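What follows is coords-v3.cif (mmCIF, C-alpha atoms).
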```cif
data_my_file
#
loop_
_atom_site.label_atom_id
_atom_site.label_comp_id
_atom_site.auth_asym_id
_atom_site.auth_seq_id
_atom_site.Cartn_x
_atom_site.Cartn_y
_atom_site.Cartn_z
CA MET S 210 -37.67 11.76 -182.69
CA ILE S 211 -35.85 13.32 -179.76
CA GLY S 212 -38.17 14.12 -176.88
CA PHE S 213 -37.77 15.83 -173.54
CA ASP S 214 -40.00 15.18 -170.54
CA VAL S 215 -39.91 15.83 -166.81
CA GLU S 216 -40.83 13.92 -163.66
CA ASN S 217 -40.91 15.81 -160.35
CA VAL S 218 -38.82 18.74 -161.70
CA SER S 219 -39.22 21.72 -164.01
CA MET S 220 -37.94 21.54 -167.57
CA PRO S 221 -34.35 22.81 -167.67
CA ALA S 222 -33.71 25.94 -169.72
CA ILE S 223 -32.18 24.40 -172.83
CA ASP S 224 -32.75 25.20 -176.48
CA ARG S 225 -34.34 21.86 -177.33
CA ALA S 226 -34.27 22.42 -181.11
CA SER S 227 -30.53 23.15 -181.00
CA VAL S 228 -29.85 20.21 -178.70
CA ARG S 229 -31.71 17.92 -181.12
CA LYS S 230 -29.53 19.08 -184.04
CA TRP S 231 -26.39 18.66 -181.94
CA LEU S 232 -27.27 15.14 -180.83
CA LYS S 233 -27.97 14.14 -184.44
CA ALA S 234 -24.54 15.50 -185.42
CA VAL S 235 -22.84 13.66 -182.54
CA ALA S 236 -24.51 10.38 -183.49
CA PHE S 237 -23.56 10.86 -187.14
CA ASP S 238 -19.97 11.56 -186.07
CA HIS S 239 -19.87 7.98 -184.71
CA ASP S 240 -19.82 5.74 -187.79
CA GLY S 241 -22.63 7.63 -189.52
CA ARG S 242 -25.27 6.60 -187.01
CA GLN S 243 -28.73 8.12 -187.21
CA THR S 244 -30.94 9.02 -184.28
CA GLY S 245 -34.08 7.02 -183.75
CA SER S 246 -36.30 7.56 -180.74
CA LEU S 247 -34.38 9.33 -177.97
CA ASN S 248 -36.35 10.16 -174.85
CA TYR S 249 -34.83 12.32 -172.15
CA ILE S 250 -36.62 12.25 -168.81
CA PHE S 251 -35.35 14.92 -166.44
CA CYS S 252 -36.02 14.04 -162.82
CA ASN S 253 -34.80 14.49 -159.25
CA ASP S 254 -32.45 12.34 -157.16
CA GLU S 255 -35.26 10.37 -155.55
CA ARG S 256 -36.70 9.34 -158.91
CA ILE S 257 -33.35 8.32 -160.39
CA LEU S 258 -32.60 6.30 -157.25
CA GLN S 259 -35.94 4.54 -157.68
CA VAL S 260 -35.17 3.76 -161.35
CA ASN S 261 -31.68 2.61 -160.43
CA LYS S 262 -33.01 0.22 -157.79
CA GLU S 263 -35.96 -1.06 -159.81
CA PHE S 264 -34.27 -1.71 -163.14
CA LEU S 265 -30.57 -2.11 -162.35
CA GLY S 266 -30.54 -3.32 -158.74
CA HIS S 267 -28.24 -0.44 -157.73
CA ASP S 268 -28.81 1.45 -154.48
CA TYR S 269 -27.09 4.76 -155.26
CA TYR S 270 -27.68 8.10 -156.92
CA THR S 271 -26.30 8.83 -160.37
CA ASP S 272 -26.54 11.56 -162.95
CA ILE S 273 -27.86 9.46 -165.84
CA ILE S 274 -29.34 6.04 -166.51
CA THR S 275 -29.50 5.00 -170.16
CA PHE S 276 -31.76 2.28 -171.52
CA ASP S 277 -30.46 1.21 -174.92
CA TYR S 278 -32.85 0.18 -177.71
CA SER S 279 -30.38 0.87 -180.54
CA THR S 280 -29.77 -1.05 -183.73
CA PRO S 281 -26.33 -1.10 -185.39
CA LYS S 282 -26.89 2.15 -187.33
CA LYS S 283 -29.66 3.86 -185.34
CA VAL S 284 -29.31 5.06 -181.75
CA SER S 285 -32.46 4.86 -179.66
CA GLY S 286 -33.09 4.84 -175.95
CA ASP S 287 -34.60 6.31 -172.82
CA MET S 288 -32.36 8.41 -170.60
CA TYR S 289 -33.19 9.48 -167.07
CA ILE S 290 -31.17 12.48 -165.91
CA SER S 291 -31.17 13.66 -162.30
CA LEU S 292 -31.03 17.46 -162.35
CA ASP S 293 -30.13 17.36 -158.64
CA THR S 294 -26.97 15.37 -159.37
CA VAL S 295 -26.16 17.51 -162.42
CA LEU S 296 -26.26 20.57 -160.15
CA SER S 297 -24.11 19.01 -157.41
CA ASN S 298 -21.62 17.74 -160.02
CA SER S 299 -21.38 21.19 -161.62
CA LYS S 300 -20.31 22.54 -158.22
CA LYS S 301 -18.00 19.60 -157.52
CA PHE S 302 -16.24 19.91 -160.89
CA ARG S 303 -16.36 23.73 -160.87
CA THR S 304 -18.18 24.05 -164.16
CA SER S 305 -21.40 25.74 -165.15
CA TYR S 306 -24.70 23.96 -164.68
CA GLU S 307 -25.41 24.35 -168.41
CA LYS S 308 -22.12 22.73 -169.43
CA GLU S 309 -22.57 19.86 -166.98
CA LEU S 310 -26.13 19.30 -168.20
CA LEU S 311 -24.98 19.23 -171.82
CA ARG S 312 -22.19 16.80 -170.87
CA VAL S 313 -24.68 14.43 -169.27
CA ILE S 314 -27.14 14.75 -172.15
CA VAL S 315 -24.49 13.80 -174.70
CA HIS S 316 -23.09 11.11 -172.38
CA GLY S 317 -26.28 9.14 -172.92
CA VAL S 318 -26.02 9.32 -176.71
CA LEU S 319 -22.37 8.30 -176.54
CA HIS S 320 -23.38 5.21 -174.56
CA LEU S 321 -25.91 4.44 -177.28
CA CYS S 322 -23.09 4.78 -179.83
CA GLY S 323 -21.23 2.01 -177.99
CA ILE S 324 -18.85 3.99 -175.80
CA ASN S 325 -18.54 2.58 -172.30
CA ASP S 326 -17.08 4.07 -169.13
CA LYS S 327 -16.93 1.32 -166.51
CA GLY S 328 -13.93 -0.81 -167.56
CA PRO S 329 -10.21 -0.06 -167.30
CA GLY S 330 -9.35 3.03 -169.34
CA GLU S 331 -12.89 3.44 -170.61
CA ARG S 332 -13.67 6.54 -168.53
CA ALA S 333 -10.85 8.47 -170.25
CA VAL S 334 -12.18 7.44 -173.67
CA MET S 335 -15.69 8.56 -172.70
CA GLU S 336 -14.37 11.91 -171.45
CA MET S 337 -12.50 12.42 -174.73
CA HIS S 338 -15.72 11.85 -176.69
CA GLU S 339 -17.71 14.08 -174.32
CA ASN S 340 -15.16 16.87 -174.73
CA ARG S 341 -15.19 16.52 -178.52
CA ALA S 342 -19.00 16.70 -178.52
CA LEU S 343 -18.95 19.77 -176.27
CA GLU S 344 -16.47 21.41 -178.63
CA MET S 345 -18.94 20.75 -181.44
CA TRP S 346 -21.66 22.45 -179.36
CA TYR S 347 -19.63 25.51 -178.45
CA ASN S 348 -17.89 25.92 -181.83
CA SER S 349 -20.91 25.39 -184.09
CA GLU S 350 -24.26 26.94 -184.58
CA PHE S 351 -27.01 24.46 -183.85
#
```
Rewritten as structure tokens:
Amino acid sequence: MIGFDVENVSMPAIDRASVRKWLKAVAFDHDGRQTGSLNYIFCNDERILQVNKEFLGHDYYTDIITFDYSTPKKVSGDMYISLDTVLSNSKKFRTSYEKELLRVIVHGVLHLCGINDKGPGERAVMEMHENRALEMWYNSEF
């Protein structure tokens, strides 16, 4: 099940049924993984800062926090996404809000598939996978 919820914000205008199909295809594209329970919680900067402090001990804003409950062949997790940071990043990177939101949404699933972005060279690998997933979105009918 792939669910979408909100805390302190309005639900973003995304085609949830299409996003679900896309995320299943992205997971499958990574060693045939299936999707288990994926919960997206869209929130504001204050909420994501609170989650970041409480669960990770980090005192800064971020676009996404992913809690991983996956098994080797099934991706599952809770993902908090700050719509405030998605908006500011879309302006910073000169891309549309929709594209930045989709990038962050798939970023969480890619983490659950085992792709990291904190170590040396890992950010470039993550970006490659994000770009491939976005190509799937824009070149397919989900």
- Go through the shown structure with the PyMOL selection byres ((chain S and resi 225-240) around 12) and write out the matching residues as a VMD selection string. chain S and resid 210 to 214 220 to 224 241 to 249 279 281 to 285 307 310 to 324 338 to 351
Give me the residues of stretch 287-313 of chain S that have any atom at most 8 Å from an atom of stretch 255-269 of chain S; for each, the nearest atom pair and the distance in Å, rounded to one decimal. Use only C-alpha atoms, sort by chain and number, and format it as CSV.
```
residue,atom,partner,partner_atom,distance
S:Tyr289,CA,S:Ile257,CA,6.8
S:Ile290,CA,S:Ile257,CA,7.2
S:Ser291,CA,S:Ile257,CA,6.1
```
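Nearest to S:Met288 of all the residues S:Val218, S:Thr271, S:Tyr306, S:Lys327 is S:Thr271, based on all atoms listed in the file.
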- Message: Excluding S:Glu216 and its own-chain neighbours fewer than 2 positions away, which residues fall within 7 Å of it when counting all atoms listed in the file? Please give them as a list in words.
- Response: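 In the requested format, the answer is Val218, Ile250, Phe251 and Cys252 of chain S.
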- Atom pair atom CA of S:Leu296 / atom CA of S:Val334: separation (Å):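 One can read the atom CA of S:Leu296 to atom CA of S:Val334 distance as 23.5 Å.
Checking S:Asp254, S:Asp287, S:Leu292, S:Pro329 one by one against S:Ile274, counting all atoms listed in the file, you find the shortest gap at S:Asp287.
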- Pick out the closest residue to S:Asn325 from this set: S:Lys300, S:Ser305, S:Met337, S:Gly286. Count only C-alpha atoms. S:Met337
Using all atoms of stretch 284-287 of chain S listed in the file and a margin of 5 Å per side, can you give the axis-aligned box centre and edge lengths in Å to one decimal, as JSON?
```
{"center_x": -32.0, "center_y": 5.6, "center_z": -177.3, "size_x": 15.3, "size_y": 11.5, "size_z": 18.9}
```
- Item | atom CA of S:Ile273 to atom CA of S:Ser297, distance in Å rounded to a single decimal | 13.3 Å
- Task: Work out how far apart atom CA of S:Met335 and atom CA of S:Asp293 are and give it in Å to one decimal.
- Result: 22.0 Å
